[in-house]
Amino acid sequence: MMKNKIVFAGSPDFAVESLQRLYDNPNNEIQLVISQQDKKRNRNKFSPTAVKKRAMDLGIDVITPQNINDDEVFNLLDRLNPDFIVVVAYGQLIKKRILDRFKNKILNVHASILPKYRGASPINYSLINGDKESGVSIMLVEQGLDTGDVLAVDKIELDKNIMLEELHDKLMIMGADLIDKVINDYQKYFDSREKQNEDEASTVGKIQKSMGEINFNEKADVIYNKFRGLTPWPGLFFKLNDKTVKVHNINIIEQYNDNKSGEVVKVDKNGIKVACEDGFIIITRLQLPNKKPLNVSEYLNGNSFEEGIIL
């Protein structure tokens with residue numbers, strides 16, 4: 001039996017599970033891994049991406065071109081002539097020359113139910129927007145941003161308290177399962193592919209640090225959903241006497257209140273109760289600049305937090 005020859009392009013942790021799953025399947029041969037270049041991290045040391053590290057551990061050839069569309073990369077792909085190029089959170093757009101050369105052979109694992117949440121941060125936005133379901137899609141890569149025909153979708157119901165890291169890991173495994181199924185029975189999935197409905201499409205950009213600042217004029221559930229979708233980075237924070245205070249845990253009370261938005265209504269060992277547009281948030285764990293995170297009960301042992309102020 002002929003093996004599926006695969007070139008894999010991916011970079012972060014989310015892509016590692018898909019690489020491992022395809023590698024473990026005896027019907028596949030991973031010819032090459034393409035990843036982003038090493039980045040300078042702690043103490044100015046360069047570190048490989050999670051995908052590059054796993055590829056090296058598995059003994060797979062790996063390249064990290066500055067631009068995947070360069071002549072050198074195109075010529076290498078042309079020589080390898082893979083059956084599939086699998087792209088999972090690689091971080092660069094593949095352009096027309098490669099797309100034309102490997103038409104209908106470039107597959108992408110995307111962490112949303114397309115056409116919803118095309119773009120860079122689909123997992124974050126499914127939580128920020130309070131969605132009741134999320135999922136993964138396998139699509140054909142074309143010139144538009146996540147606009148290609150969809151080959152398969154797998155969905156998951158979302159508990160209202162699921163956090164970003166937990167959902168990331170669930171979708172990571174679902175994506176690996178699904179791309180393995182699609183590659184193993186490609187013709188079936190290709191024949192039943194569906195075009196995306198442009199009327200239902202939405203595109204989301206990269207998460208910005210500024211998105212984590214709490215707007216107490218918003219409803220309590222809106223703030224809580226941002227907490228779910230922006231933790232651990234950038235996390236939620238507010239300003240107190242020109243200092244940025246990071247919020248590590250919150251609870252919410254959804255009820256009418258006639259307090260001013262941002263008013264600190266009550267402070268005790270159970271938390272800091274702050275009024276919102278409709279309800280309250282209870283901050284139970286926080287972190288001041290250059291300090292370690294503390295439960296509010298611990299914080300109040302040596303510090304005060306004034307009631308009645310407006311955050």
# chains A, B, ... in the order shown; residues from 1 in each chain; ligands from 1
call {"tool": "residues_around", "arguments": {"residues": "A:Lys209", "least_positions_apart": "2", "cutoff": "8 Å", "atoms": "only C-alpha atoms", "output": "short mmCIF file (atom, residue, chain, number, x, y, z; two decimals) with C-alpha atoms, in the first residue's frame"}}
result
data_model
loop_
_atom_site.label_atom_id
_atom_site.label_comp_id
_atom_site.auth_asym_id
_atom_site.auth_seq_id
_atom_site.Cartn_x
_atom_site.Cartn_y
_atom_site.Cartn_z
CA ILE A 207 -5.66 39.53 20.40
CA MET A 211 -8.47 44.20 25.11
CA GLY A 212 -7.89 42.99 28.68
CA TRP A 233 -2.98 36.38 28.03
CA PRO A 234 -3.43 39.28 28.16
#
call {"tool": "closest_atom_pairs", "arguments": {"of": "stretch 98-119 of chain A", "to": "stretch 193-199 of chain A", "cutoff": "10 Å", "atoms": "only C-alpha atoms", "output": "tab-separated table"}}
result
residue	atom	partner	partner_atom	distance
A:Leu114	CA	A:Gln196	CA	7.1
A:Pro115	CA	A:Gln196	CA	5.8
A:Lys116	CA	A:Gln196	CA	9.5
call {"tool": "write_last_selection", "arguments": {"atoms": "N, CA and C atoms", "output": "PDB file, in the first residue's frame"}}
result
ATOM      1  N   LEU A 114     -16.342  27.025  10.589  1.00  0.00           N
ATOM      2  CA  LEU A 114     -16.354  27.975   9.480  1.00  0.00           C
ATOM      3  C   LEU A 114     -17.731  28.031   8.826  1.00  0.00           C
ATOM      4  N   PRO A 115     -18.114  29.242   8.339  1.00  0.00           N
ATOM      5  CA  PRO A 115     -17.296  30.435   8.098  1.00  0.00           C
ATOM      6  C   PRO A 115     -17.176  31.400   9.289  1.00  0.00           C
ATOM      7  N   LYS A 116     -17.628  30.985  10.450  1.00  0.00           N
ATOM      8  CA  LYS A 116     -17.526  31.858  11.612  1.00  0.00           C
ATOM      9  C   LYS A 116     -16.093  31.875  12.126  1.00  0.00           C
TER      10      LYS A 116
END
call {"tool": "residues_around", "arguments": {"residues": "stretch 85-97 of chain A", "least_positions_apart": "6", "cutoff": "7 Å", "atoms": "only C-alpha atoms", "output": "number ranges by chain"}}
result
A: 6-12, 15, 35, 68-69, 105-109, 143
call {"tool": "closest_atom_pairs", "arguments": {"of": "stretch 75-149 of chain A", "to": "stretch 164-188 of chain A", "cutoff": "9 Å", "atoms": "only C-alpha atoms", "output": "JSON lines"}}
result
{"residue": "A:Phe84", "atom": "CA", "partner": "A:Ile183", "partner_atom": "CA", "distance": 8.2}
{"residue": "A:Val86", "atom": "CA", "partner": "A:Ile179", "partner_atom": "CA", "distance": 8.4}
{"residue": "A:Leu107", "atom": "CA", "partner": "A:Ile179", "partner_atom": "CA", "distance": 8.4}
{"residue": "A:Asn108", "atom": "CA", "partner": "A:Ile179", "partner_atom": "CA", "distance": 8.4}
{"residue": "A:Val109", "atom": "CA", "partner": "A:Gly175", "partner_atom": "CA", "distance": 6.2}
{"residue": "A:His110", "atom": "CA", "partner": "A:Gly175", "partner_atom": "CA", "distance": 7.6}
{"residue": "A:Ala111", "atom": "CA", "partner": "A:Leu171", "partner_atom": "CA", "distance": 6.5}
{"residue": "A:Ser112", "atom": "CA", "partner": "A:Leu171", "partner_atom": "CA", "distance": 8.8}
{"residue": "A:Ile123", "atom": "CA", "partner": "A:His168", "partner_atom": "CA", "distance": 6.7}
{"residue": "A:Asn124", "atom": "CA", "partner": "A:Leu164", "partner_atom": "CA", "distance": 6.6}
{"residue": "A:Leu127", "atom": "CA", "partner": "A:Leu164", "partner_atom": "CA", "distance": 7.3}
{"residue": "A:Ser134", "atom": "CA", "partner": "A:Leu171", "partner_atom": "CA", "distance": 8.4}
{"residue": "A:Gly135", "atom": "CA", "partner": "A:Leu171", "partner_atom": "CA", "distance": 6.5}
{"residue": "A:Val136", "atom": "CA", "partner": "A:Gly175", "partner_atom": "CA", "distance": 5.8}
{"residue": "A:Ser137", "atom": "CA", "partner": "A:Gly175", "partner_atom": "CA", "distance": 7.5}
{"residue": "A:Ile138", "atom": "CA", "partner": "A:Ile179", "partner_atom": "CA", "distance": 6.6}
call {"tool": "select_by_dssp", "arguments": {"residues": "stretch 199-236 of chain A", "states": "strand (DSSP E or B)", "output": "MDAnalysis selection string"}}
result
chainID A and resid 203:204 213 236
call {"tool": "write_last_selection", "arguments": {"atoms": "N, CA and C atoms", "output": "tab-separated table (two decimals), in the first residue's frame"}}
result
chain	number	residue	atom	x	y	z
A	203	THR	N	-14.60	37.57	10.49
A	203	THR	CA	-13.14	37.47	10.57
A	203	THR	C	-12.67	38.15	11.84
A	204	VAL	N	-11.74	37.49	12.54
A	204	VAL	CA	-11.22	38.05	13.80
A	204	VAL	C	-9.71	38.21	13.68
A	213	GLU	N	-8.35	45.29	29.37
A	213	GLU	CA	-8.77	46.28	30.38
A	213	GLU	C	-10.27	46.22	30.58
A	236	LEU	N	-7.40	39.86	32.28
A	236	LEU	CA	-8.15	41.08	32.59
A	236	LEU	C	-7.38	41.92	33.60
call {"tool": "select_by_dssp", "arguments": {"residues": "stretch 8-224 of chain A", "states": "alpha helix (DSSP H)", "output": "JSON, numbers by chain"}}
result
{"A": [13, 14, 15, 16, 17, 18, 19, 20, 21, 22, 23, 24, 50, 51, 52, 53, 54, 55, 56, 57, 58, 71, 72, 73, 74, 75, 76, 77, 78, 79, 80, 96, 97, 98, 99, 100, 101, 122, 123, 124, 125, 126, 127, 128, 164, 165, 166, 167, 168, 169, 170, 171, 172, 173, 174, 175, 176, 177, 178, 179, 180, 181, 182, 183, 184, 186, 187, 188, 189, 190, 191, 220, 221, 222, 223, 224]}
call {"tool": "write_last_selection", "arguments": {"atoms": "C-alpha atoms", "output": "mmCIF file, in the first residue's frame"}}
result
data_model
loop_
_atom_site.group_PDB
_atom_site.id
_atom_site.type_symbol
_atom_site.label_atom_id
_atom_site.label_comp_id
_atom_site.auth_asym_id
_atom_site.auth_seq_id
_atom_site.Cartn_x
_atom_site.Cartn_y
_atom_site.Cartn_z
ATOM 1 C CA ASP A 13 1.441 24.023 20.535
ATOM 2 C CA PHE A 14 -1.965 23.728 18.854
ATOM 3 C CA ALA A 15 -0.328 22.180 15.771
ATOM 4 C CA VAL A 16 1.823 19.627 17.595
ATOM 5 C CA GLU A 17 -0.991 17.146 18.208
ATOM 6 C CA SER A 18 -1.889 17.068 14.507
ATOM 7 C CA LEU A 19 1.733 16.490 13.532
ATOM 8 C CA GLN A 20 2.073 13.678 16.056
ATOM 9 C CA ARG A 21 -1.195 12.023 14.971
ATOM 10 C CA LEU A 22 -0.256 12.058 11.298
ATOM 11 C CA TYR A 23 3.229 10.775 12.117
ATOM 12 C CA ASP A 24 1.850 7.917 14.237
ATOM 13 C CA ALA A 50 6.759 23.798 19.494
ATOM 14 C CA VAL A 51 6.306 22.127 16.101
ATOM 15 C CA LYS A 52 9.979 22.393 15.169
ATOM 16 C CA LYS A 53 10.956 20.896 18.517
ATOM 17 C CA ARG A 54 8.596 17.948 18.057
ATOM 18 C CA ALA A 55 9.775 17.401 14.470
ATOM 19 C CA MET A 56 13.382 17.260 15.636
ATOM 20 C CA ASP A 57 12.426 14.825 18.410
ATOM 21 C CA LEU A 58 10.765 12.606 15.804
ATOM 22 C CA ASP A 71 11.787 30.105 -4.757
ATOM 23 C CA GLU A 72 13.899 27.786 -2.622
ATOM 24 C CA VAL A 73 10.872 26.475 -0.712
ATOM 25 C CA PHE A 74 8.760 26.173 -3.851
ATOM 26 C CA ASN A 75 11.467 24.172 -5.614
ATOM 27 C CA LEU A 76 11.839 21.868 -2.618
ATOM 28 C CA LEU A 77 8.102 21.227 -2.480
ATOM 29 C CA ASP A 78 8.055 20.664 -6.223
ATOM 30 C CA ARG A 79 10.761 17.992 -5.890
ATOM 31 C CA LEU A 80 9.099 16.288 -2.928
ATOM 32 C CA LYS A 96 -0.759 31.613 -5.606
ATOM 33 C CA ARG A 97 2.220 29.731 -7.035
ATOM 34 C CA ILE A 98 2.166 27.028 -4.349
ATOM 35 C CA LEU A 99 -1.626 26.977 -4.287
ATOM 36 C CA ASP A 100 -1.773 26.390 -8.048
ATOM 37 C CA ARG A 101 0.966 23.738 -7.977
ATOM 38 C CA PRO A 122 -11.058 31.922 16.722
ATOM 39 C CA ILE A 123 -10.807 30.126 20.073
ATOM 40 C CA ASN A 124 -10.592 33.385 22.018
ATOM 41 C CA TYR A 125 -13.569 34.925 20.268
ATOM 42 C CA SER A 126 -15.845 31.917 20.689
ATOM 43 C CA LEU A 127 -15.479 32.450 24.445
ATOM 44 C CA ILE A 128 -15.467 36.265 24.378
ATOM 45 C CA LEU A 164 -9.380 29.344 27.051
ATOM 46 C CA GLU A 165 -6.647 26.827 27.846
ATOM 47 C CA GLU A 166 -9.123 23.971 28.341
ATOM 48 C CA LEU A 167 -10.952 24.734 25.093
ATOM 49 C CA HIS A 168 -7.639 25.104 23.232
ATOM 50 C CA ASP A 169 -6.599 21.608 24.325
ATOM 51 C CA LYS A 170 -9.958 20.050 23.448
ATOM 52 C CA LEU A 171 -9.958 21.591 19.964
ATOM 53 C CA MET A 172 -6.296 20.655 19.483
ATOM 54 C CA ILE A 173 -7.177 16.972 19.946
ATOM 55 C CA MET A 174 -10.357 17.247 17.877
ATOM 56 C CA GLY A 175 -8.408 18.850 15.042
ATOM 57 C CA ALA A 176 -5.805 16.087 15.099
ATOM 58 C CA ASP A 177 -8.514 13.420 15.020
ATOM 59 C CA LEU A 178 -10.323 15.097 12.160
ATOM 60 C CA ILE A 179 -7.346 15.770 9.878
ATOM 61 C CA ASP A 180 -6.284 12.130 10.325
ATOM 62 C CA LYS A 181 -9.766 10.952 9.280
ATOM 63 C CA VAL A 182 -9.876 13.276 6.269
ATOM 64 C CA ILE A 183 -6.450 12.238 4.967
ATOM 65 C CA ASN A 184 -7.280 8.544 5.404
ATOM 66 C CA TYR A 186 -9.745 11.948 1.367
ATOM 67 C CA GLN A 187 -11.817 11.295 -1.740
ATOM 68 C CA LYS A 188 -14.993 10.835 0.293
ATOM 69 C CA TYR A 189 -14.496 14.119 2.120
ATOM 70 C CA PHE A 190 -13.415 15.934 -1.029
ATOM 71 C CA ASP A 191 -16.497 14.785 -2.947
ATOM 72 C CA ALA A 220 -21.258 41.250 34.219
ATOM 73 C CA ASP A 221 -21.608 38.297 31.839
ATOM 74 C CA VAL A 222 -19.805 40.209 29.081
ATOM 75 C CA ILE A 223 -16.874 40.885 31.418
ATOM 76 C CA TYR A 224 -16.839 37.252 32.543
#
call {"tool": "residues_around", "arguments": {"residues": "A:Met2", "least_positions_apart": "5", "cutoff": "12 Å", "atoms": "only C-alpha atoms", "output": "ChimeraX atom specification"}}
result
/A:26-29,83,184
call {"tool": "closest_residue", "arguments": {"among": "A:Glu254, A:Glu298, A:Asp154, A:Asp146", "to": "A:Glu277", "atoms": "only C-alpha atoms"}}
result
A:Glu254
call {"tool": "closest_residue", "arguments": {"among": "A:Lys269, A:Lys206, A:Tyr117, A:Asn295", "to": "A:Asn129", "atoms": "only C-alpha atoms"}}
result
A:Tyr117
call {"tool": "closest_residue", "arguments": {"among": "A:Asp242, A:Glu307, A:Asp268, A:Glu133", "to": "A:Lys155", "atoms": "only C-alpha atoms"}}
result
A:Glu133
call {"tool": "atom_distance", "arguments": {"atom1": "atom CA of A:Leu288", "atom2": "atom CA of A:Asn259"}}
result
25.6 Å
call {"tool": "residues_around", "arguments": {"residues": "A:Gln66", "least_positions_apart": "2", "cutoff": "8 Å", "atoms": "only C-alpha atoms", "output": "list of chain:residue names"}}
result
A:Gln36, A:Gln37, A:Thr64, A:Ile68
call {"tool": "residues_around", "arguments": {"residues": "A:Asp61", "least_positions_apart": "2", "cutoff": "7 Å", "atoms": "only C-alpha atoms", "output": "mmCIF file with N, CA and C atoms, in the first residue's frame"}}
result
data_model
loop_
_atom_site.group_PDB
_atom_site.id
_atom_site.type_symbol
_atom_site.label_atom_id
_atom_site.label_comp_id
_atom_site.auth_asym_id
_atom_site.auth_seq_id
_atom_site.Cartn_x
_atom_site.Cartn_y
_atom_site.Cartn_z
ATOM 1 N N LEU A 32 8.482 16.289 5.331
ATOM 2 C CA LEU A 32 9.112 17.551 5.714
ATOM 3 C C LEU A 32 8.183 18.306 6.635
ATOM 4 N N VAL A 33 8.766 19.039 7.583
ATOM 5 C CA VAL A 33 8.014 19.976 8.421
ATOM 6 C C VAL A 33 8.525 21.385 8.150
ATOM 7 N N GLY A 59 12.748 13.085 14.491
ATOM 8 C CA GLY A 59 13.709 12.830 13.426
ATOM 9 C C GLY A 59 13.215 13.194 12.040
ATOM 10 N N ILE A 63 12.420 22.725 8.117
ATOM 11 C CA ILE A 63 12.976 23.987 7.640
ATOM 12 C C ILE A 63 12.172 25.132 8.232
#
call {"tool": "closest_residue", "arguments": {"among": "A:Met139, A:Ala152, A:Leu145, A:Leu311", "to": "A:Glu263", "atoms": "only C-alpha atoms"}}
result
A:Leu311
call {"tool": "residues_around", "arguments": {"residues": "A:Ile310", "least_positions_apart": "2", "cutoff": "8 Å", "atoms": "only C-alpha atoms", "output": "PyMOL selection string"}}
result
chain A and resi 260-264+308
call {"tool": "atom_distance", "arguments": {"atom1": "atom CA of A:Val265", "atom2": "atom CA of A:Ile253"}}
result
12.7 Å
call {"tool": "closest_residue", "arguments": {"among": "A:Ile252, A:Val296, A:Leu140, A:Ala120", "to": "A:Asn104", "atoms": "only C-alpha atoms"}}
result
A:Leu140
call {"tool": "atom_distance", "arguments": {"atom1": "atom CA of A:Phe216", "atom2": "atom CA of A:Asn249"}}
result
15.9 Å
call {"tool": "decode", "arguments": {"residues": "stretch 42-78 of chain A", "atoms": "C-alpha atoms", "output": "short mmCIF file (atom, residue, chain, number, x, y, z; two decimals), in the first residue's frame"}}
result
data_model
loop_
_atom_site.label_atom_id
_atom_site.label_comp_id
_atom_site.auth_asym_id
_atom_site.auth_seq_id
_atom_site.Cartn_x
_atom_site.Cartn_y
_atom_site.Cartn_z
CA ASN A 42 14.37 34.54 27.88
CA ARG A 43 17.92 35.90 28.30
CA ASN A 44 18.15 36.54 24.57
CA LYS A 45 18.29 32.83 23.82
CA PHE A 46 16.65 31.62 20.63
CA SER A 47 14.03 28.89 21.01
CA PRO A 48 12.38 26.75 18.32
CA THR A 49 8.63 26.64 17.84
CA ALA A 50 6.76 23.80 19.49
CA VAL A 51 6.31 22.13 16.10
CA LYS A 52 9.98 22.39 15.17
CA LYS A 53 10.96 20.90 18.52
CA ARG A 54 8.60 17.95 18.06
CA ALA A 55 9.78 17.40 14.47
CA MET A 56 13.38 17.26 15.64
CA ASP A 57 12.43 14.83 18.41
CA LEU A 58 10.76 12.61 15.80
CA GLY A 59 13.71 12.83 13.43
CA ILE A 60 11.76 14.60 10.67
CA ASP A 61 13.51 17.07 8.38
CA VAL A 62 12.43 20.61 9.27
CA ILE A 63 12.98 23.99 7.64
CA THR A 64 12.16 27.47 8.95
CA PRO A 65 12.09 29.81 5.95
CA GLN A 66 11.61 33.52 6.40
CA ASN A 67 9.01 33.30 3.64
CA ILE A 68 7.33 30.03 2.68
CA ASN A 69 6.66 31.44 -0.80
CA ASP A 70 10.37 31.85 -1.69
CA ASP A 71 11.79 30.10 -4.76
CA GLU A 72 13.90 27.79 -2.62
CA VAL A 73 10.87 26.48 -0.71
CA PHE A 74 8.76 26.17 -3.85
CA ASN A 75 11.47 24.17 -5.61
CA LEU A 76 11.84 21.87 -2.62
CA LEU A 77 8.10 21.23 -2.48
CA ASP A 78 8.05 20.66 -6.22
#
